[in-house]
Amino acid sequence: MMNFGDKKGYKYLGGIHVHSKYSDGTGDIYAITRAAKKAGLDWIIVTDHNNFDIQEGIINGIYVIRGLEISPVNSNHYLALGIDKIIDYNQEPQKFVDEVREQGGVGFAAHPDESNNRKNKYSPIKWMDKAVVPDGIEIWNWFSVWADNYVDKNIFAQAYAFFFKHKLITKPQTETLSWWDGLNNKSNEIIPAIGSIDVHALKIDKYIFPVTIFPYKDMFKTITNVITLKKELSKDFLIAKKQILEAIRLGNNFIVNRKMTKVIPQVMISNSKETVYAGESIELDEDTYVRVKFGKEFEVRLICNGEVIWENKTKEAEIPLCKKGKFRVEAKLNKLGYAYSNPIVVR
């Protein structure tokens with residue numbers, strides 16, 4: 001049995017990029033939180049389009065944080081977290097990126113590299129100017145990947161896409177991961193990543209009985225952000241909100257598609273003195289190791305400064321490190337993405 005360190009951390013599961021009835025979703029906060037609870041989440045962040053009407057608080061046992069999807073027409077959507085005032089979407093992206101920072105918030109470029117080659121009615125909404133650097137990047141968006149792979153040429157293709165929708169969720173776009181790694185290579189700080197659901201619980205009412213094709217509960221069991229805290233999540237909502245948002249700001253999360261396995265992986269780096277998790281830093285010494293542990297065998301890759309330096313198919317591994325850099329871990333199975341960690345800095 002490998003020794004994964006005595007610092008366990010407190011892990012909490014959350015869903016980011018949720019839409020309610022106040023924009024183009026269909027649920028109220030009570031239905032949404034009941035679904036989140038049944039799906040095993042601890043917290044959610046609701047990011048309605050240009051709307052701040054959703055209720056915050058601890059509802060049905062779920063910590064509900066209100067964010068905002070700043071949504072210009074056709075491009076440059078931005079998930080703004082930790083802000084208190086609506087931001088005008090009719091401006092250049094650099095201006096609303098700056099305004100989020102001025103409010104003390106943190107923002108993530110939403111679905112930045114949706115495909116231009118879709119074979120359906122859903123037009124891509126991309127981050128158009130990569131010279132505008134966001135605080136972080138939404139590297140994996142469930143609905144974006146589904147829409148990129150959805151073919152609506154006939155009724156059989158449509159039926160497959162709806163009934164077997166999770167088979168269309170492959171992995172983050174290569175362009176997005178490259179952009180993310182490139183930004184981290186240029187920065188002394190960690191440029192954090194999140195994974196998102198982009199759930200709307202869309203309803204089709206043209207049949208005898210209305211059909212919800214992407215229900216909240218089902219979607220909440222997919223792309224999940226697992227944050228690691230040094231202290232338990234507070235029972236006081238305002239304190240807990242700060243804990244969650246600070247963890248996301250620092251990159252103290254890894255992204256996992258829970259449709260592949262219910263076991264939550266472990267990703268950490270240890271040296272002779274301590275163990276740290278995603279979004280943290282550690283000093284390099286002669287006893288520094290990356291330690292990963294999954295519920296079953298995955299194709300695991302260790303990436304340093306954007307370059308793959310180790311890969312193997314394994315359940316768990318202990319990989320010695322002999323150089324400094326920003327290290328992150330990816331895990332896939334049969335070309336389907338499973339887990340993506342934020343970087344850990346080895347100094």
# chains A, B, ... in the order shown; residues from 1 in each chain; ligands from 1
call {"tool": "residues_around", "arguments": {"residues": "Asp48 in chain A", "least_positions_apart": "2", "cutoff": "10 Å", "atoms": "only C-alpha atoms", "output": "NGL selection string"}}
result
:A and (17-25 or 45-46 or 50-54 or 66-71 or 79 or 198 or 200)
call {"tool": "write_last_selection", "arguments": {"atoms": "N, CA, C and O atoms", "output": "short mmCIF file (atom, residue, chain, number, x, y, z; two decimals), in the first residue's frame"}}
result
data_model
loop_
_atom_site.label_atom_id
_atom_site.label_comp_id
_atom_site.auth_asym_id
_atom_site.auth_seq_id
_atom_site.Cartn_x
_atom_site.Cartn_y
_atom_site.Cartn_z
N HIS A 17 -21.43 26.55 -13.61
CA HIS A 17 -22.07 26.92 -14.86
C HIS A 17 -23.46 26.27 -14.95
O HIS A 17 -23.70 25.37 -15.76
N VAL A 18 -24.33 26.76 -14.10
CA VAL A 18 -25.71 26.27 -14.01
C VAL A 18 -26.64 27.41 -14.41
O VAL A 18 -26.45 28.56 -14.00
N HIS A 19 -27.65 27.09 -15.21
CA HIS A 19 -28.63 28.09 -15.63
C HIS A 19 -30.01 27.76 -15.03
O HIS A 19 -30.41 26.60 -14.98
N SER A 20 -30.69 28.79 -14.61
CA SER A 20 -32.00 28.65 -13.98
C SER A 20 -33.08 29.28 -14.87
O SER A 20 -32.80 29.76 -15.97
N LYS A 21 -34.29 29.34 -14.34
CA LYS A 21 -35.40 29.95 -15.06
C LYS A 21 -35.19 31.44 -15.31
O LYS A 21 -35.90 32.05 -16.12
N TYR A 22 -34.20 32.04 -14.63
CA TYR A 22 -33.95 33.46 -14.81
C TYR A 22 -33.15 33.77 -16.07
O TYR A 22 -32.94 34.94 -16.40
N SER A 23 -32.67 32.73 -16.76
CA SER A 23 -32.09 32.96 -18.09
C SER A 23 -32.66 31.90 -19.02
O SER A 23 -33.86 31.87 -19.24
N ASP A 24 -31.83 31.01 -19.53
CA ASP A 24 -32.34 30.01 -20.47
C ASP A 24 -32.37 28.61 -19.87
O ASP A 24 -32.38 27.62 -20.60
N GLY A 25 -32.45 28.52 -18.54
CA GLY A 25 -32.70 27.25 -17.88
C GLY A 25 -34.19 27.10 -17.59
O GLY A 25 -34.99 27.99 -17.92
N ILE A 45 -22.58 26.69 -8.40
CA ILE A 45 -22.50 28.10 -8.77
C ILE A 45 -23.43 28.31 -9.95
O ILE A 45 -23.23 27.74 -11.03
N VAL A 46 -24.46 29.14 -9.74
CA VAL A 46 -25.44 29.43 -10.78
C VAL A 46 -24.98 30.68 -11.52
O VAL A 46 -24.74 31.73 -10.92
N ASN A 50 -26.37 37.32 -17.85
CA ASN A 50 -26.62 38.75 -17.60
C ASN A 50 -27.74 38.97 -16.59
O ASN A 50 -28.46 39.97 -16.65
N ASN A 51 -27.85 38.06 -15.62
CA ASN A 51 -28.96 38.13 -14.66
C ASN A 51 -28.48 37.71 -13.30
O ASN A 51 -27.77 36.71 -13.16
N PHE A 52 -28.92 38.45 -12.27
CA PHE A 52 -28.46 38.24 -10.91
C PHE A 52 -29.61 37.93 -9.95
O PHE A 52 -29.50 38.18 -8.75
N ASP A 53 -30.73 37.40 -10.46
CA ASP A 53 -31.92 37.25 -9.63
C ASP A 53 -31.94 35.99 -8.78
O ASP A 53 -32.77 35.86 -7.88
N ILE A 54 -31.05 35.05 -9.03
CA ILE A 54 -31.08 33.78 -8.31
C ILE A 54 -30.77 33.99 -6.82
O ILE A 54 -30.02 34.88 -6.45
N ARG A 66 -24.08 32.65 -6.24
CA ARG A 66 -24.56 33.33 -7.44
C ARG A 66 -23.39 33.92 -8.21
O ARG A 66 -22.60 34.71 -7.68
N GLY A 67 -23.26 33.50 -9.45
CA GLY A 67 -22.29 34.08 -10.36
C GLY A 67 -23.03 34.72 -11.52
O GLY A 67 -24.25 34.93 -11.47
N LEU A 68 -22.30 35.02 -12.56
CA LEU A 68 -22.89 35.69 -13.72
C LEU A 68 -22.17 35.21 -14.97
O LEU A 68 -20.95 35.14 -15.00
N GLU A 69 -22.94 34.83 -15.99
CA GLU A 69 -22.32 34.61 -17.29
C GLU A 69 -22.51 35.88 -18.12
O GLU A 69 -23.60 36.15 -18.62
N ILE A 70 -21.46 36.67 -18.18
CA ILE A 70 -21.49 37.87 -19.01
C ILE A 70 -21.55 37.38 -20.45
O ILE A 70 -20.63 36.70 -20.92
N SER A 71 -22.61 37.74 -21.15
CA SER A 71 -22.93 37.05 -22.41
C SER A 71 -23.15 38.01 -23.57
O SER A 71 -24.28 38.32 -23.95
N LEU A 79 -17.52 33.79 -17.31
CA LEU A 79 -18.13 33.41 -16.04
C LEU A 79 -17.49 34.25 -14.93
O LEU A 79 -16.31 34.10 -14.62
N ASP A 198 -22.70 23.54 -17.79
CA ASP A 198 -23.51 24.38 -18.68
C ASP A 198 -24.90 23.76 -18.82
O ASP A 198 -25.41 23.57 -19.93
N HIS A 200 -28.95 23.42 -18.54
CA HIS A 200 -30.15 24.24 -18.69
C HIS A 200 -31.43 23.45 -18.39
O HIS A 200 -32.49 24.04 -18.24
#
call {"tool": "residues_around", "arguments": {"residues": "Leu250 in chain A", "least_positions_apart": "2", "cutoff": "8 Å", "atoms": "only C-alpha atoms", "output": "list of chain:residue names"}}
result
A:Ile190, A:Pro192, A:Glu246, A:Ala247, A:Ile248, A:Asn252, A:Gly279, A:Glu280
call {"tool": "write_last_selection", "arguments": {"atoms": "all heavy atoms", "output": "PDB file, in the first residue's frame"}}
result
ATOM      1  N   ILE A 190      -0.465  30.649 -10.735  1.00  0.00           N
ATOM      2  CA  ILE A 190      -1.254  29.605 -11.386  1.00  0.00           C
ATOM      3  C   ILE A 190      -2.469  30.244 -12.056  1.00  0.00           C
ATOM      4  O   ILE A 190      -3.233  30.964 -11.410  1.00  0.00           O
ATOM      5  CB  ILE A 190      -1.699  28.539 -10.373  1.00  0.00           C
ATOM      6  CG1 ILE A 190      -0.492  27.697  -9.947  1.00  0.00           C
ATOM      7  CG2 ILE A 190      -2.791  27.644 -10.961  1.00  0.00           C
ATOM      8  CD1 ILE A 190      -0.796  26.704  -8.857  1.00  0.00           C
ATOM      9  N   PRO A 192      -5.842  29.333 -13.103  1.00  0.00           N
ATOM     10  CA  PRO A 192      -6.661  28.166 -12.756  1.00  0.00           C
ATOM     11  C   PRO A 192      -7.618  27.753 -13.866  1.00  0.00           C
ATOM     12  O   PRO A 192      -7.969  28.548 -14.742  1.00  0.00           O
ATOM     13  CB  PRO A 192      -7.432  28.648 -11.529  1.00  0.00           C
ATOM     14  CG  PRO A 192      -7.579  30.123 -11.746  1.00  0.00           C
ATOM     15  CD  PRO A 192      -6.303  30.558 -12.422  1.00  0.00           C
ATOM     16  N   GLU A 246     -12.391  31.180  -2.970  1.00  0.00           N
ATOM     17  CA  GLU A 246     -10.940  31.296  -2.855  1.00  0.00           C
ATOM     18  C   GLU A 246     -10.258  30.046  -3.383  1.00  0.00           C
ATOM     19  O   GLU A 246      -9.209  30.120  -4.033  1.00  0.00           O
ATOM     20  CB  GLU A 246     -10.546  31.562  -1.409  1.00  0.00           C
ATOM     21  CG  GLU A 246      -9.072  31.838  -1.194  1.00  0.00           C
ATOM     22  CD  GLU A 246      -8.583  33.137  -1.825  1.00  0.00           C
ATOM     23  OE1 GLU A 246      -9.418  33.914  -2.327  1.00  0.00           O
ATOM     24  OE2 GLU A 246      -7.367  33.384  -1.809  1.00  0.00           O
ATOM     25  N   ALA A 247     -10.850  28.880  -3.112  1.00  0.00           N
ATOM     26  CA  ALA A 247     -10.292  27.630  -3.636  1.00  0.00           C
ATOM     27  C   ALA A 247     -10.288  27.633  -5.163  1.00  0.00           C
ATOM     28  O   ALA A 247      -9.314  27.224  -5.801  1.00  0.00           O
ATOM     29  CB  ALA A 247     -11.084  26.438  -3.107  1.00  0.00           C
ATOM     30  N   ILE A 248     -11.365  28.124  -5.766  1.00  0.00           N
ATOM     31  CA  ILE A 248     -11.443  28.180  -7.224  1.00  0.00           C
ATOM     32  C   ILE A 248     -10.462  29.201  -7.776  1.00  0.00           C
ATOM     33  O   ILE A 248      -9.796  28.978  -8.791  1.00  0.00           O
ATOM     34  CB  ILE A 248     -12.889  28.499  -7.655  1.00  0.00           C
ATOM     35  CG1 ILE A 248     -13.811  27.330  -7.269  1.00  0.00           C
ATOM     36  CG2 ILE A 248     -12.970  28.767  -9.154  1.00  0.00           C
ATOM     37  CD1 ILE A 248     -15.276  27.649  -7.403  1.00  0.00           C
ATOM     38  N   ASN A 252      -7.414  25.358  -6.388  1.00  0.00           N
ATOM     39  CA  ASN A 252      -7.409  24.230  -5.441  1.00  0.00           C
ATOM     40  C   ASN A 252      -8.491  23.217  -5.802  1.00  0.00           C
ATOM     41  O   ASN A 252      -9.249  22.761  -4.941  1.00  0.00           O
ATOM     42  CB  ASN A 252      -7.637  24.719  -4.012  1.00  0.00           C
ATOM     43  CG  ASN A 252      -6.591  25.685  -3.519  1.00  0.00           C
ATOM     44  OD1 ASN A 252      -6.887  26.598  -2.769  1.00  0.00           O
ATOM     45  ND2 ASN A 252      -5.343  25.504  -3.922  1.00  0.00           N
ATOM     46  N   GLY A 279      -3.098  23.706  -7.064  1.00  0.00           N
ATOM     47  CA  GLY A 279      -3.148  25.119  -6.741  1.00  0.00           C
ATOM     48  C   GLY A 279      -2.159  25.558  -5.687  1.00  0.00           C
ATOM     49  O   GLY A 279      -2.079  26.752  -5.374  1.00  0.00           O
ATOM     50  N   GLU A 280      -1.372  24.628  -5.162  1.00  0.00           N
ATOM     51  CA  GLU A 280      -0.405  24.957  -4.112  1.00  0.00           C
ATOM     52  C   GLU A 280       1.017  24.813  -4.653  1.00  0.00           C
ATOM     53  O   GLU A 280       1.229  24.420  -5.802  1.00  0.00           O
ATOM     54  CB  GLU A 280      -0.622  24.057  -2.901  1.00  0.00           C
ATOM     55  CG  GLU A 280      -1.997  24.230  -2.258  1.00  0.00           C
ATOM     56  CD  GLU A 280      -2.199  23.383  -1.015  1.00  0.00           C
ATOM     57  OE1 GLU A 280      -1.736  22.220  -1.007  1.00  0.00           O
ATOM     58  OE2 GLU A 280      -2.816  23.885  -0.070  1.00  0.00           O
TER      59      GLU A 280
END
call {"tool": "closest_atom_pairs", "arguments": {"of": "range 163-276 of chain A", "to": "range 80-104 of chain A", "cutoff": "9 Å", "atoms": "only C-alpha atoms", "output": "Markdown table"}}
result
| residue | atom | partner | partner_atom | distance |
| --- | --- | --- | --- | --- |
| A:Lys241 | CA | A:Gly82 | CA | 8.7 |
| A:Lys242 | CA | A:Gly82 | CA | 8.4 |
| A:Leu245 | CA | A:Gly82 | CA | 6.9 |
call {"tool": "closest_residue", "arguments": {"among": "A:Ala240, A:Leu41, A:Cys304, A:Ala31", "to": "Ala201 in chain A", "atoms": "only C-alpha atoms"}}
result
A:Ala31
call {"tool": "closest_atom_pairs", "arguments": {"of": "range 84-173 of chain A", "to": "range 253-269 of chain A", "cutoff": "10 Å", "atoms": "only C-alpha atoms", "output": "Markdown table"}}
result
| residue | atom | partner | partner_atom | distance |
| --- | --- | --- | --- | --- |
| A:Ile139 | CA | A:Ile255 | CA | 9.3 |
| A:Trp140 | CA | A:Ile255 | CA | 8.4 |
| A:Trp142 | CA | A:Asn257 | CA | 9.3 |
| A:His166 | CA | A:Lys259 | CA | 7.8 |
| A:Lys167 | CA | A:Lys259 | CA | 9.9 |
| A:Ile169 | CA | A:Asn257 | CA | 9.3 |
| A:Lys171 | CA | A:Asn257 | CA | 9.5 |
call {"tool": "residues_around", "arguments": {"residues": "Ile282 in chain A", "least_positions_apart": "3", "cutoff": "7 Å", "atoms": "only C-alpha atoms", "output": "list of chain:residue names"}}
result
A:Val276, A:Val345, A:Val346, A:Arg347
call {"tool": "write_last_selection", "arguments": {"atoms": "N, CA and C atoms", "output": "short mmCIF file (atom, residue, chain, number, x, y, z; two decimals), in the first residue's frame"}}
result
data_model
loop_
_atom_site.label_atom_id
_atom_site.label_comp_id
_atom_site.auth_asym_id
_atom_site.auth_seq_id
_atom_site.Cartn_x
_atom_site.Cartn_y
_atom_site.Cartn_z
N VAL A 276 1.14 18.59 -0.73
CA VAL A 276 0.30 19.67 -1.22
C VAL A 276 -0.59 19.17 -2.35
N VAL A 345 2.86 23.82 -8.23
CA VAL A 345 4.14 24.43 -8.55
C VAL A 345 5.24 23.80 -7.66
N VAL A 346 6.26 23.28 -8.31
CA VAL A 346 7.45 22.79 -7.61
C VAL A 346 8.55 23.83 -7.79
N ARG A 347 9.01 24.40 -6.69
CA ARG A 347 9.98 25.50 -6.75
C ARG A 347 11.39 25.01 -6.40
#
call {"tool": "select_by_dssp", "arguments": {"residues": "range 107-272 of chain A", "states": "strand (DSSP E or B)", "output": "VMD selection string"}}
result
chain A and resid 107 to 109 119 126 136 to 141 151 193 to 196 199 203 to 204 211 to 212 223 to 229 253 to 257 266 to 270
call {"tool": "decode", "arguments": {"residues": "range 98-111 of chain A", "atoms": "N, CA, C and O atoms", "output": "PDB file, in the first residue's frame"}}
result
ATOM      1  N   ASP A  98     -11.529  43.342 -16.694  1.00  0.00           N
ATOM      2  CA  ASP A  98     -11.007  44.295 -15.716  1.00  0.00           C
ATOM      3  C   ASP A  98     -12.039  44.629 -14.650  1.00  0.00           C
ATOM      4  O   ASP A  98     -11.700  44.762 -13.465  1.00  0.00           O
ATOM      5  N   GLU A  99     -13.297  44.764 -15.050  1.00  0.00           N
ATOM      6  CA  GLU A  99     -14.330  45.141 -14.085  1.00  0.00           C
ATOM      7  C   GLU A  99     -14.580  44.032 -13.065  1.00  0.00           C
ATOM      8  O   GLU A  99     -14.841  44.305 -11.894  1.00  0.00           O
ATOM      9  N   VAL A 100     -14.496  42.787 -13.493  1.00  0.00           N
ATOM     10  CA  VAL A 100     -14.620  41.677 -12.548  1.00  0.00           C
ATOM     11  C   VAL A 100     -13.514  41.771 -11.495  1.00  0.00           C
ATOM     12  O   VAL A 100     -13.763  41.620 -10.291  1.00  0.00           O
ATOM     13  N   ARG A 101     -12.306  42.047 -11.940  1.00  0.00           N
ATOM     14  CA  ARG A 101     -11.187  42.187 -11.006  1.00  0.00           C
ATOM     15  C   ARG A 101     -11.400  43.370 -10.067  1.00  0.00           C
ATOM     16  O   ARG A 101     -11.101  43.288  -8.864  1.00  0.00           O
ATOM     17  N   GLU A 102     -11.901  44.476 -10.594  1.00  0.00           N
ATOM     18  CA  GLU A 102     -12.146  45.666  -9.769  1.00  0.00           C
ATOM     19  C   GLU A 102     -13.167  45.390  -8.673  1.00  0.00           C
ATOM     20  O   GLU A 102     -13.100  45.968  -7.584  1.00  0.00           O
ATOM     21  N   GLN A 103     -14.117  44.495  -8.941  1.00  0.00           N
ATOM     22  CA  GLN A 103     -15.105  44.121  -7.932  1.00  0.00           C
ATOM     23  C   GLN A 103     -14.576  43.070  -6.961  1.00  0.00           C
ATOM     24  O   GLN A 103     -15.288  42.637  -6.058  1.00  0.00           O
ATOM     25  N   GLY A 104     -13.333  42.645  -7.148  1.00  0.00           N
ATOM     26  CA  GLY A 104     -12.759  41.636  -6.267  1.00  0.00           C
ATOM     27  C   GLY A 104     -13.136  40.223  -6.631  1.00  0.00           C
ATOM     28  O   GLY A 104     -12.951  39.293  -5.832  1.00  0.00           O
ATOM     29  N   GLY A 105     -13.651  40.043  -7.853  1.00  0.00           N
ATOM     30  CA  GLY A 105     -14.069  38.717  -8.287  1.00  0.00           C
ATOM     31  C   GLY A 105     -13.007  38.009  -9.109  1.00  0.00           C
ATOM     32  O   GLY A 105     -11.880  38.471  -9.257  1.00  0.00           O
ATOM     33  N   VAL A 106     -13.388  36.877  -9.642  1.00  0.00           N
ATOM     34  CA  VAL A 106     -12.515  36.091 -10.511  1.00  0.00           C
ATOM     35  C   VAL A 106     -13.355  35.626 -11.694  1.00  0.00           C
ATOM     36  O   VAL A 106     -14.537  35.305 -11.549  1.00  0.00           O
ATOM     37  N   GLY A 107     -12.756  35.637 -12.891  1.00  0.00           N
ATOM     38  CA  GLY A 107     -13.516  35.293 -14.086  1.00  0.00           C
ATOM     39  C   GLY A 107     -12.854  34.211 -14.905  1.00  0.00           C
ATOM     40  O   GLY A 107     -11.629  34.054 -14.909  1.00  0.00           O
ATOM     41  N   PHE A 108     -13.692  33.465 -15.636  1.00  0.00           N
ATOM     42  CA  PHE A 108     -13.212  32.349 -16.458  1.00  0.00           C
ATOM     43  C   PHE A 108     -13.794  32.473 -17.861  1.00  0.00           C
ATOM     44  O   PHE A 108     -15.009  32.625 -18.035  1.00  0.00           O
ATOM     45  N   ALA A 109     -12.922  32.404 -18.856  1.00  0.00           N
ATOM     46  CA  ALA A 109     -13.376  32.386 -20.244  1.00  0.00           C
ATOM     47  C   ALA A 109     -14.198  31.128 -20.461  1.00  0.00           C
ATOM     48  O   ALA A 109     -13.716  30.012 -20.260  1.00  0.00           O
ATOM     49  N   ALA A 110     -15.450  31.306 -20.885  1.00  0.00           N
ATOM     50  CA  ALA A 110     -16.363  30.174 -21.026  1.00  0.00           C
ATOM     51  C   ALA A 110     -16.259  29.561 -22.418  1.00  0.00           C
ATOM     52  O   ALA A 110     -16.141  30.273 -23.413  1.00  0.00           O
ATOM     53  N   HIS A 111     -16.293  28.237 -22.450  1.00  0.00           N
ATOM     54  CA  HIS A 111     -16.253  27.448 -23.698  1.00  0.00           C
ATOM     55  C   HIS A 111     -15.478  28.173 -24.801  1.00  0.00           C
ATOM     56  O   HIS A 111     -16.033  28.538 -25.847  1.00  0.00           O
TER      57      HIS A 111
END
